[in-house]
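Everything below belongs to query_17.csv, which stores CSV, C-alpha atoms.
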```
chain,number,residue,atom,x,y,z
K,122,MET,CA,16.6,-32.8,3.6
K,123,GLU,CA,14.2,-30.8,5.8
K,124,GLU,CA,16.5,-27.7,5.4
K,125,LYS,CA,16.4,-28.0,1.7
K,126,GLY,CA,12.6,-28.2,1.7
K,127,GLN,CA,12.4,-25.1,3.9
K,128,LEU,CA,14.8,-23.2,1.6
K,129,LYS,CA,12.7,-24.3,-1.5
K,130,ARG,CA,9.5,-23.2,0.3
K,131,ALA,CA,11.1,-19.8,1.2
K,132,LEU,CA,12.1,-19.2,-2.4
K,133,THR,CA,8.6,-20.1,-3.6
K,134,GLU,CA,7.0,-17.7,-1.1
K,135,ALA,CA,9.4,-14.9,-2.2
K,136,THR,CA,8.9,-15.5,-5.9
K,137,ALA,CA,5.1,-15.8,-5.6
K,138,GLY,CA,5.1,-12.6,-3.5
K,139,ALA,CA,7.2,-10.7,-6.0
K,140,ILE,CA,5.0,-11.7,-8.9
K,141,ALA,CA,1.8,-10.9,-7.0
K,142,GLY,CA,3.2,-7.4,-6.1
K,143,ALA,CA,4.2,-6.7,-9.7
K,144,ILE,CA,0.7,-7.6,-11.1
K,145,SER,CA,-1.1,-5.7,-8.4
K,146,ARG,CA,1.1,-2.6,-8.9
K,147,MET,CA,0.6,-2.5,-12.7
K,148,VAL,CA,-3.2,-2.9,-12.4
K,149,THR,CA,-3.7,-0.2,-9.7
K,150,SER,CA,-1.1,2.4,-10.6
K,151,PRO,CA,-3.5,5.1,-11.9
K,152,LEU,CA,-5.4,5.2,-8.6
K,153,ASP,CA,-2.2,5.3,-6.7
K,154,VAL,CA,-0.9,8.3,-8.7
K,155,ILE,CA,-4.2,10.2,-8.0
K,156,LYS,CA,-4.0,9.2,-4.3
K,157,ILE,CA,-0.5,10.5,-4.0
K,158,ARG,CA,-1.3,13.8,-5.8
K,159,PHE,CA,-4.1,14.4,-3.2
K,160,GLN,CA,-2.0,13.5,-0.2
K,161,VAL,CA,0.9,15.9,-1.0
K,162,GLN,CA,-1.4,18.8,-2.0
K,163,LEU,CA,-1.5,21.2,0.9
K,164,GLU,CA,-4.7,22.9,-0.5
K,165,PRO,CA,-8.1,21.2,-0.1
K,166,THR,CA,-9.0,18.3,-2.3
K,167,SER,CA,-12.8,18.6,-2.2
K,168,SER,CA,-15.1,21.2,-3.7
K,169,TRP,CA,-17.0,21.4,-0.4
K,170,THR,CA,-13.9,22.7,1.5
K,171,LEU,CA,-13.1,25.1,-1.3
K,172,LEU,CA,-16.3,27.0,-0.4
K,173,GLN,CA,-14.2,28.6,2.4
K,174,ARG,CA,-12.2,30.4,-0.3
K,175,GLU,CA,-10.8,33.1,2.0
K,176,LEU,CA,-8.8,30.4,3.8
K,177,TYR,CA,-7.2,28.7,0.9
K,178,LYS,CA,-5.5,29.3,-2.4
K,179,PRO,CA,-7.0,27.6,-5.5
K,180,SER,CA,-6.5,23.8,-5.6
K,181,LYS,CA,-5.0,21.9,-8.5
K,182,TYR,CA,-7.1,18.7,-7.7
K,183,THR,CA,-10.6,18.8,-6.2
K,184,GLY,CA,-12.0,15.3,-7.0
K,185,ILE,CA,-11.1,11.9,-8.5
K,186,LEU,CA,-12.7,12.5,-11.9
K,187,GLN,CA,-11.4,16.0,-12.2
K,188,ALA,CA,-7.9,14.8,-11.2
K,189,ALA,CA,-8.0,11.9,-13.7
K,190,LYS,CA,-9.2,14.3,-16.5
K,191,ASP,CA,-6.4,16.8,-15.7
K,192,ILE,CA,-3.7,14.2,-15.6
K,193,TYR,CA,-4.8,12.7,-18.9
K,194,LEU,CA,-5.0,16.1,-20.6
K,195,GLU,CA,-1.7,17.4,-19.3
K,196,GLU,CA,0.4,14.2,-19.2
K,197,GLY,CA,-1.4,11.6,-21.3
K,198,LEU,CA,-1.9,8.0,-20.4
K,199,PRO,CA,1.8,7.6,-19.2
K,200,GLY,CA,1.0,10.1,-16.5
K,201,PHE,CA,-1.1,7.4,-14.7
K,202,TRP,CA,2.0,5.2,-14.5
K,203,ARG,CA,4.3,7.9,-13.3
K,204,GLY,CA,6.8,6.6,-10.8
K,205,ASN,CA,6.0,3.0,-11.9
K,206,VAL,CA,9.6,1.8,-12.2
K,207,PRO,CA,10.6,2.6,-8.6
K,208,ALA,CA,7.2,1.4,-7.5
K,209,LEU,CA,7.9,-2.0,-9.1
K,210,LEU,CA,11.4,-2.0,-7.6
K,211,MET,CA,9.7,-1.3,-4.3
K,212,TYR,CA,6.6,-3.6,-4.5
K,213,MET,CA,8.4,-6.7,-5.8
K,214,PRO,CA,11.0,-7.0,-3.0
K,215,TYR,CA,8.4,-5.6,-0.5
K,216,THR,CA,5.9,-8.4,-1.3
K,217,ALA,CA,8.6,-11.0,-1.7
K,218,ILE,CA,10.1,-10.2,1.8
K,219,GLN,CA,6.6,-9.8,3.3
K,220,PHE,CA,5.2,-13.2,2.2
K,221,MET,CA,8.5,-15.0,2.9
K,222,VAL,CA,8.8,-13.6,6.5
K,223,LEU,CA,5.1,-14.1,7.1
K,224,HIS,CA,5.4,-17.8,6.1
K,225,LYS,CA,8.4,-18.2,8.4
K,226,LEU,CA,6.7,-16.6,11.3
K,227,LYS,CA,3.5,-18.6,10.9
K,228,SER,CA,5.5,-21.8,10.4
K,229,PHE,CA,7.4,-21.1,13.7
K,230,ALA,CA,4.1,-20.3,15.6
K,231,ALA,CA,2.2,-23.3,14.2
K,232,GLY,CA,5.1,-25.7,14.3
K,233,SER,CA,4.4,-26.6,10.7
K,234,SER,CA,5.0,-25.2,7.2
K,235,LYS,CA,1.6,-26.3,5.9
K,236,THR,CA,-0.8,-23.6,4.9
K,237,GLU,CA,-3.8,-25.5,6.3
K,238,ASP,CA,-2.1,-25.6,9.7
K,239,HIS,CA,-1.5,-21.8,9.6
K,240,LEU,CA,-5.2,-21.2,9.4
K,241,GLN,CA,-5.6,-22.9,12.8
K,242,LEU,CA,-3.5,-20.1,14.4
K,243,SER,CA,-5.4,-17.6,16.6
K,244,PRO,CA,-6.3,-14.3,15.0
K,245,TYR,CA,-3.9,-12.5,17.3
K,246,LEU,CA,-0.9,-14.5,16.0
K,247,SER,CA,-2.1,-13.8,12.4
K,248,TYR,CA,-2.2,-10.1,13.1
K,249,LEU,CA,1.2,-10.1,14.9
K,250,SER,CA,2.9,-12.1,12.1
K,251,GLY,CA,1.5,-9.7,9.5
K,252,ALA,CA,2.7,-6.7,11.4
K,253,LEU,CA,6.3,-8.1,11.8
K,254,ALA,CA,6.4,-9.2,8.2
K,255,GLY,CA,5.3,-5.7,7.1
K,256,CYS,CA,8.1,-4.0,9.1
K,257,ALA,CA,10.7,-6.3,7.6
K,258,ALA,CA,9.5,-5.6,4.1
K,259,THR,CA,9.3,-1.9,4.7
K,260,VAL,CA,12.9,-1.5,5.9
K,261,GLY,CA,14.1,-3.6,3.0
K,262,SER,CA,12.4,-1.6,0.2
K,263,TYR,CA,11.9,1.9,1.6
K,264,PRO,CA,14.2,4.0,-0.6
K,265,PHE,CA,12.2,2.9,-3.7
K,266,ASP,CA,8.9,3.8,-1.9
K,267,LEU,CA,10.4,7.3,-1.3
K,268,LEU,CA,11.4,7.7,-5.0
K,269,ARG,CA,8.0,6.4,-6.1
K,270,THR,CA,6.2,9.0,-4.1
K,271,ILE,CA,8.4,11.8,-5.4
K,272,LEU,CA,8.1,10.9,-9.1
K,273,ALA,CA,4.3,10.1,-8.8
K,274,SER,CA,3.6,13.5,-7.1
K,275,GLN,CA,5.1,15.6,-9.9
K,276,GLY,CA,3.2,16.4,-13.1
K,277,GLU,CA,4.2,18.4,-16.1
K,278,PRO,CA,6.6,20.1,-16.4
K,279,LYS,CA,8.7,17.5,-14.6
K,280,VAL,CA,10.9,18.6,-11.7
K,281,TYR,CA,12.8,15.3,-11.9
K,282,SER,CA,13.4,13.8,-15.3
K,283,SER,CA,14.2,10.4,-14.0
K,284,MET,CA,14.6,8.2,-10.9
K,285,ARG,CA,18.4,8.9,-11.0
K,286,SER,CA,17.9,12.7,-11.0
K,287,ALA,CA,15.5,12.4,-8.0
K,288,PHE,CA,18.0,10.2,-6.2
K,289,VAL,CA,20.9,12.6,-6.8
K,290,ASP,CA,18.8,15.6,-5.6
K,291,ILE,CA,17.8,13.8,-2.4
K,292,ILE,CA,21.5,12.9,-1.6
K,293,LYS,CA,22.5,16.6,-2.3
K,294,THR,CA,19.7,18.2,-0.2
K,295,ARG,CA,19.2,15.7,2.6
K,296,GLY,CA,22.3,13.4,2.5
K,297,ALA,CA,22.1,9.5,2.6
K,298,ARG,CA,19.7,9.7,5.5
K,299,GLY,CA,17.2,11.4,3.2
K,300,LEU,CA,16.5,8.1,1.4
K,301,TYR,CA,14.8,7.1,4.7
K,302,ALA,CA,12.9,10.3,5.3
K,303,GLY,CA,9.5,9.4,6.8
K,304,LEU,CA,10.6,5.8,7.8
K,305,GLY,CA,9.4,6.4,11.4
K,306,PRO,CA,5.8,7.3,10.5
K,307,THR,CA,5.9,4.5,7.9
K,308,LEU,CA,6.8,1.8,10.5
K,309,VAL,CA,4.1,3.2,12.8
K,310,GLU,CA,1.6,3.0,9.9
K,311,ILE,CA,2.7,-0.5,8.6
K,312,ILE,CA,2.4,-2.3,12.0
K,313,PRO,CA,-1.4,-1.8,12.2
K,314,TYR,CA,-1.8,-1.8,8.4
K,315,ALA,CA,0.0,-5.1,7.7
K,316,GLY,CA,-1.4,-6.7,10.8
K,317,LEU,CA,-5.0,-5.8,9.9
K,318,GLN,CA,-4.5,-6.7,6.3
K,319,PHE,CA,-3.1,-10.2,6.9
K,320,GLY,CA,-5.2,-10.8,10.0
K,321,THR,CA,-8.4,-9.8,8.2
K,322,TYR,CA,-7.5,-12.0,5.2
K,323,ASP,CA,-6.9,-15.1,7.4
K,324,THR,CA,-10.1,-14.4,9.4
K,325,CYS,CA,-12.1,-14.1,6.1
K,326,LYS,CA,-10.6,-17.3,4.8
K,327,ARG,CA,-11.7,-19.1,7.9
K,328,TRP,CA,-15.2,-17.7,7.6
K,329,MET,CA,-15.4,-18.7,4.0
K,330,MET,CA,-14.2,-22.2,4.7
K,331,SER,CA,-16.8,-22.6,7.5
K,332,TRP,CA,-19.4,-21.3,5.0
K,333,ASN,CA,-18.3,-23.9,2.5
K,334,ARG,CA,-18.5,-26.7,5.0
K,335,TYR,CA,-22.0,-25.5,6.1
K,336,ARG,CA,-23.2,-25.3,2.5
K,337,LEU,CA,-21.9,-28.8,1.7
K,338,SER,CA,-23.5,-30.3,4.8
K,339,ASN,CA,-26.9,-28.8,3.8
K,340,LEU,CA,-26.6,-30.2,0.3
K,341,SER,CA,-26.1,-33.7,1.8
K,342,SER,CA,-23.0,-33.9,-0.3
K,343,SER,CA,-20.4,-36.6,0.3
K,344,ARG,CA,-17.7,-34.0,-0.6
K,345,SER,CA,-15.7,-32.7,2.3
K,346,ASP,CA,-13.6,-30.2,0.3
K,347,ASP,CA,-13.9,-26.8,1.9
K,348,SER,CA,-11.2,-25.2,-0.3
K,349,LEU,CA,-11.9,-21.6,-1.5
K,350,SER,CA,-12.7,-20.6,-5.1
K,351,SER,CA,-10.8,-17.8,-6.8
K,352,PHE,CA,-13.8,-15.5,-6.3
K,353,GLN,CA,-13.9,-16.2,-2.5
K,354,LEU,CA,-10.1,-15.5,-2.3
K,355,PHE,CA,-10.8,-12.3,-4.2
K,356,LEU,CA,-13.5,-11.3,-1.7
K,357,CYS,CA,-11.2,-12.0,1.3
K,358,GLY,CA,-8.4,-9.9,-0.3
K,359,PHE,CA,-10.9,-7.2,-1.1
K,360,ALA,CA,-12.2,-7.0,2.5
K,361,ALA,CA,-8.6,-7.1,3.9
K,362,GLY,CA,-7.4,-4.3,1.6
K,363,THR,CA,-10.4,-2.0,2.3
K,364,PHE,CA,-10.5,-2.4,6.0
K,365,SER,CA,-6.8,-2.0,6.6
K,366,LYS,CA,-6.4,1.1,4.4
K,367,ALA,CA,-9.5,2.8,5.8
K,368,VAL,CA,-8.2,2.5,9.4
K,369,CYS,CA,-4.6,3.5,8.6
K,370,HIS,CA,-5.0,6.2,6.0
K,371,PRO,CA,-4.1,9.3,8.2
K,372,LEU,CA,-0.7,7.8,8.9
K,373,ASP,CA,-0.1,7.3,5.2
K,374,VAL,CA,-0.8,11.0,4.6
K,375,VAL,CA,1.7,11.9,7.3
K,376,LYS,CA,4.3,9.6,5.8
K,377,LYS,CA,3.9,11.2,2.3
K,378,ARG,CA,4.4,14.7,3.8
K,379,PHE,CA,7.7,13.6,5.3
K,380,GLN,CA,8.8,12.0,2.1
K,381,ILE,CA,8.3,15.2,0.0
K,382,GLU,CA,9.4,17.7,2.7
K,383,GLY,CA,11.9,20.2,1.4
K,384,LEU,CA,12.0,18.9,-2.1
K,385,GLN,CA,11.4,20.8,-5.3
K,386,ARG,CA,7.7,21.2,-6.5
K,387,HIS,CA,6.3,23.1,-9.5
K,388,PRO,CA,4.2,26.1,-8.4
K,389,LYS,CA,1.2,25.1,-10.4
K,390,TYR,CA,0.7,22.0,-8.2
K,391,GLY,CA,0.3,24.0,-5.1
K,392,ALA,CA,2.5,25.1,-2.2
K,393,ARG,CA,5.8,23.5,-1.5
K,394,LEU,CA,6.4,21.9,1.9
K,395,GLU,CA,9.5,23.5,3.3
K,396,ASN,CA,12.4,21.5,4.8
K,397,ARG,CA,11.9,20.6,8.4
K,398,SER,CA,8.3,21.8,8.4
K,399,TYR,CA,7.5,19.1,11.0
K,400,LYS,CA,9.5,18.3,14.1
K,401,ASN,CA,8.1,14.8,14.4
K,402,MET,CA,5.1,12.7,13.5
K,403,PHE,CA,2.9,14.1,16.3
K,404,ASP,CA,3.8,17.7,15.3
K,405,ALA,CA,2.9,16.8,11.7
K,406,VAL,CA,-0.6,15.6,12.7
K,407,LYS,CA,-1.0,18.7,14.9
K,408,GLN,CA,0.0,21.1,12.0
K,409,ILE,CA,-2.2,19.3,9.5
K,410,LEU,CA,-5.2,19.5,11.8
K,411,ARG,CA,-4.6,23.2,12.5
K,412,THR,CA,-4.1,24.3,8.9
K,413,GLU,CA,-6.2,21.7,7.0
K,414,GLY,CA,-8.6,20.4,9.5
K,415,TRP,CA,-9.7,16.7,9.8
K,416,PRO,CA,-10.2,16.4,6.0
K,417,GLY,CA,-6.4,17.0,5.7
K,418,LEU,CA,-5.7,13.6,7.3
K,419,TYR,CA,-8.0,11.9,4.9
K,420,LYS,CA,-6.8,13.4,1.6
K,421,GLY,CA,-6.8,10.7,-1.0
K,422,LEU,CA,-8.9,8.4,1.0
K,423,TYR,CA,-11.4,7.6,-1.7
K,424,PRO,CA,-8.9,6.7,-4.5
K,425,SER,CA,-6.9,4.9,-1.8
K,426,ILE,CA,-9.8,2.6,-0.9
K,427,ILE,CA,-10.8,2.2,-4.5
K,428,LYS,CA,-7.2,1.2,-5.2
K,429,SER,CA,-6.5,-0.8,-2.1
K,430,ALA,CA,-9.5,-3.1,-2.3
K,431,PRO,CA,-8.7,-4.5,-5.8
K,432,ALA,CA,-4.9,-4.2,-5.0
K,433,GLY,CA,-5.4,-6.4,-1.9
K,434,ALA,CA,-7.6,-8.8,-3.8
K,435,VAL,CA,-5.3,-9.1,-6.8
K,436,THR,CA,-2.2,-9.5,-4.6
K,437,PHE,CA,-3.7,-12.3,-2.5
K,438,VAL,CA,-5.3,-14.2,-5.4
K,439,ALA,CA,-2.1,-13.9,-7.5
K,440,TYR,CA,0.0,-15.0,-4.6
K,441,GLU,CA,-2.2,-18.1,-3.8
K,442,TYR,CA,-2.2,-19.2,-7.4
K,443,THR,CA,1.4,-18.4,-8.2
K,444,SER,CA,2.5,-20.2,-5.0
K,445,ASP,CA,0.5,-23.3,-5.8
K,446,TRP,CA,1.9,-23.2,-9.4
K,447,LEU,CA,5.5,-22.9,-8.2
K,448,GLU,CA,5.1,-25.6,-5.7
K,449,SER,CA,3.8,-28.0,-8.4
K,450,LEU,CA,6.9,-27.2,-10.5
K,451,VAL,CA,9.4,-27.9,-7.7
K,452,SER,CA,7.6,-30.9,-6.2
```

Can you dump the structure from the file as structure tokens?
Amino acid sequence: MEEKGQLKRALTEATAGAIAGAISRMVTSPLDVIKIRFQVQLEPTSSWTLLQRELYKPSKYTGILQAAKDIYLEEGLPGFWRGNVPALLMYMPYTAIQFMVLHKLKSFAAGSSKTEDHLQLSPYLSYLSGALAGCAATVGSYPFDLLRTILASQGEPKVYSSMRSAFVDIIKTRGARGLYAGLGPTLVEIIPYAGLQFGTYDTCKRWMMSWNRYRLSNLSSSRSDDSLSSFQLFLCGFAAGTFSKAVCHPLDVVKKRFQIEGLQRHPKYGARLENRSYKNMFDAVKQILRTEGWPGLYKGLYPSIIKSAPAGAVTFVAYEYTSDWLESLVS
């Protein structure tokens, strides 16, 4: 009976995570497309850097508003959802695996499958559980992440007409291993990113619950309910998304470079990154610093944070409510 209950709970976590991932992806796709265009552009992405004109060729994108305007004029509204199909195929299993593994790890550490008991875990265990869950989810969904980056980074005219044509070209030029290009830097990135995201979310939830108890005690209320409102869950997710993305953004830039290395790119979108341009992750960081300076590691940071804050908030709120709804259906 206990095994059946655990299986039911695991399926609930996976389904809630998949739905939360799909909702979050659809809402934040435009900012994700702009972020990826910035990250894979070897030329500067800010007007300030372009003052050093003798060092750089003209840039396609130089700011969030300018990029949004260009994408809209050249590609129309569908351009903001470019790569959305592989992104959904990536985000849905990614968040499903992530939340399911996270719940399993927390249940093991706490000795209980109840969410309220998970909040009693030390922050270190929350961070560790989040990091391991992120690794499992990344390995399980990585080829779709690669295809999402490739399709979202191309504009008009398209280099790849569909997800299938991109897949075939990767297999031809890189072999099957090419579907996991950049996995190493991605895992290095996801460990601190997922750890910080889930650890920060749990920490914020504890703070909010303490605040609710304090507020109720000052109101001399007989209520002892310290549960969080949807707005408080949104704030916790917002803080978790912002903090984790700001800290780990340089590793995300390195990952994107490995993903597009050696693949076709239309000349109007800037220089193409040749095959095997980077020996390893450290060499990539070194070359980016040498040719693009520190700003190169933070390309796309602003759209990334603007996207990650609501993405984190939407994901966590959608997950909490979907999970509660599914539990009420199966109980």

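Omitting Ser348 (chain K) and its sequence neighbours fewer than 4 positions away, and counting only C-alpha atoms, the residues within 9 Å are Met329, Met330 and Asn333 of chain K.
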
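Of the listed residues K:Leu249, K:Pro306, K:Gly383, K:Phe364, the one whose atoms come nearest to Lys293 (chain K) is K:Gly383, with distances taken using all atoms listed in the file.
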
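Between Pro313 (chain K) and the residues K:Cys325, K:Ala252, K:Arg285, K:Ala360, the shortest atom-to-atom distance, using only C-alpha atoms, involves K:Ala252.
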
Practice prompt. Quick one: pull the distance between CA of Ser350 (chain K) and CA of Glu448 (chain K), Å, one decimal.
Written response: 18.5 Å

What's around Gly433 (chain K) at 8 Å? Count only C-alpha atoms, leave out sequence neighbours fewer than 3 positions away in its own chain, and write the answer as a PDB file with C-alpha atoms, in the frame of the given file.
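Written file, out-v8.pdb:
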```pdb
ATOM      1  CA  SER K 145      -1.100  -5.700  -8.400  1.00  0.00           C
ATOM      2  CA  GLY K 358      -8.400  -9.900  -0.300  1.00  0.00           C
ATOM      3  CA  PHE K 359     -10.900  -7.200  -1.100  1.00  0.00           C
ATOM      4  CA  ALA K 361      -8.600  -7.100   3.900  1.00  0.00           C
ATOM      5  CA  GLY K 362      -7.400  -4.300   1.600  1.00  0.00           C
ATOM      6  CA  THR K 363     -10.400  -2.000   2.300  1.00  0.00           C
ATOM      7  CA  SER K 429      -6.500  -0.800  -2.100  1.00  0.00           C
ATOM      8  CA  ALA K 430      -9.500  -3.100  -2.300  1.00  0.00           C
ATOM      9  CA  THR K 436      -2.200  -9.500  -4.600  1.00  0.00           C
ATOM     10  CA  PHE K 437      -3.700 -12.300  -2.500  1.00  0.00           C
TER      11      PHE K 437
END
```

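Separating CA of Asn396 (chain K) from CA of Val374 (chain K) is a distance of 16.9 Å.
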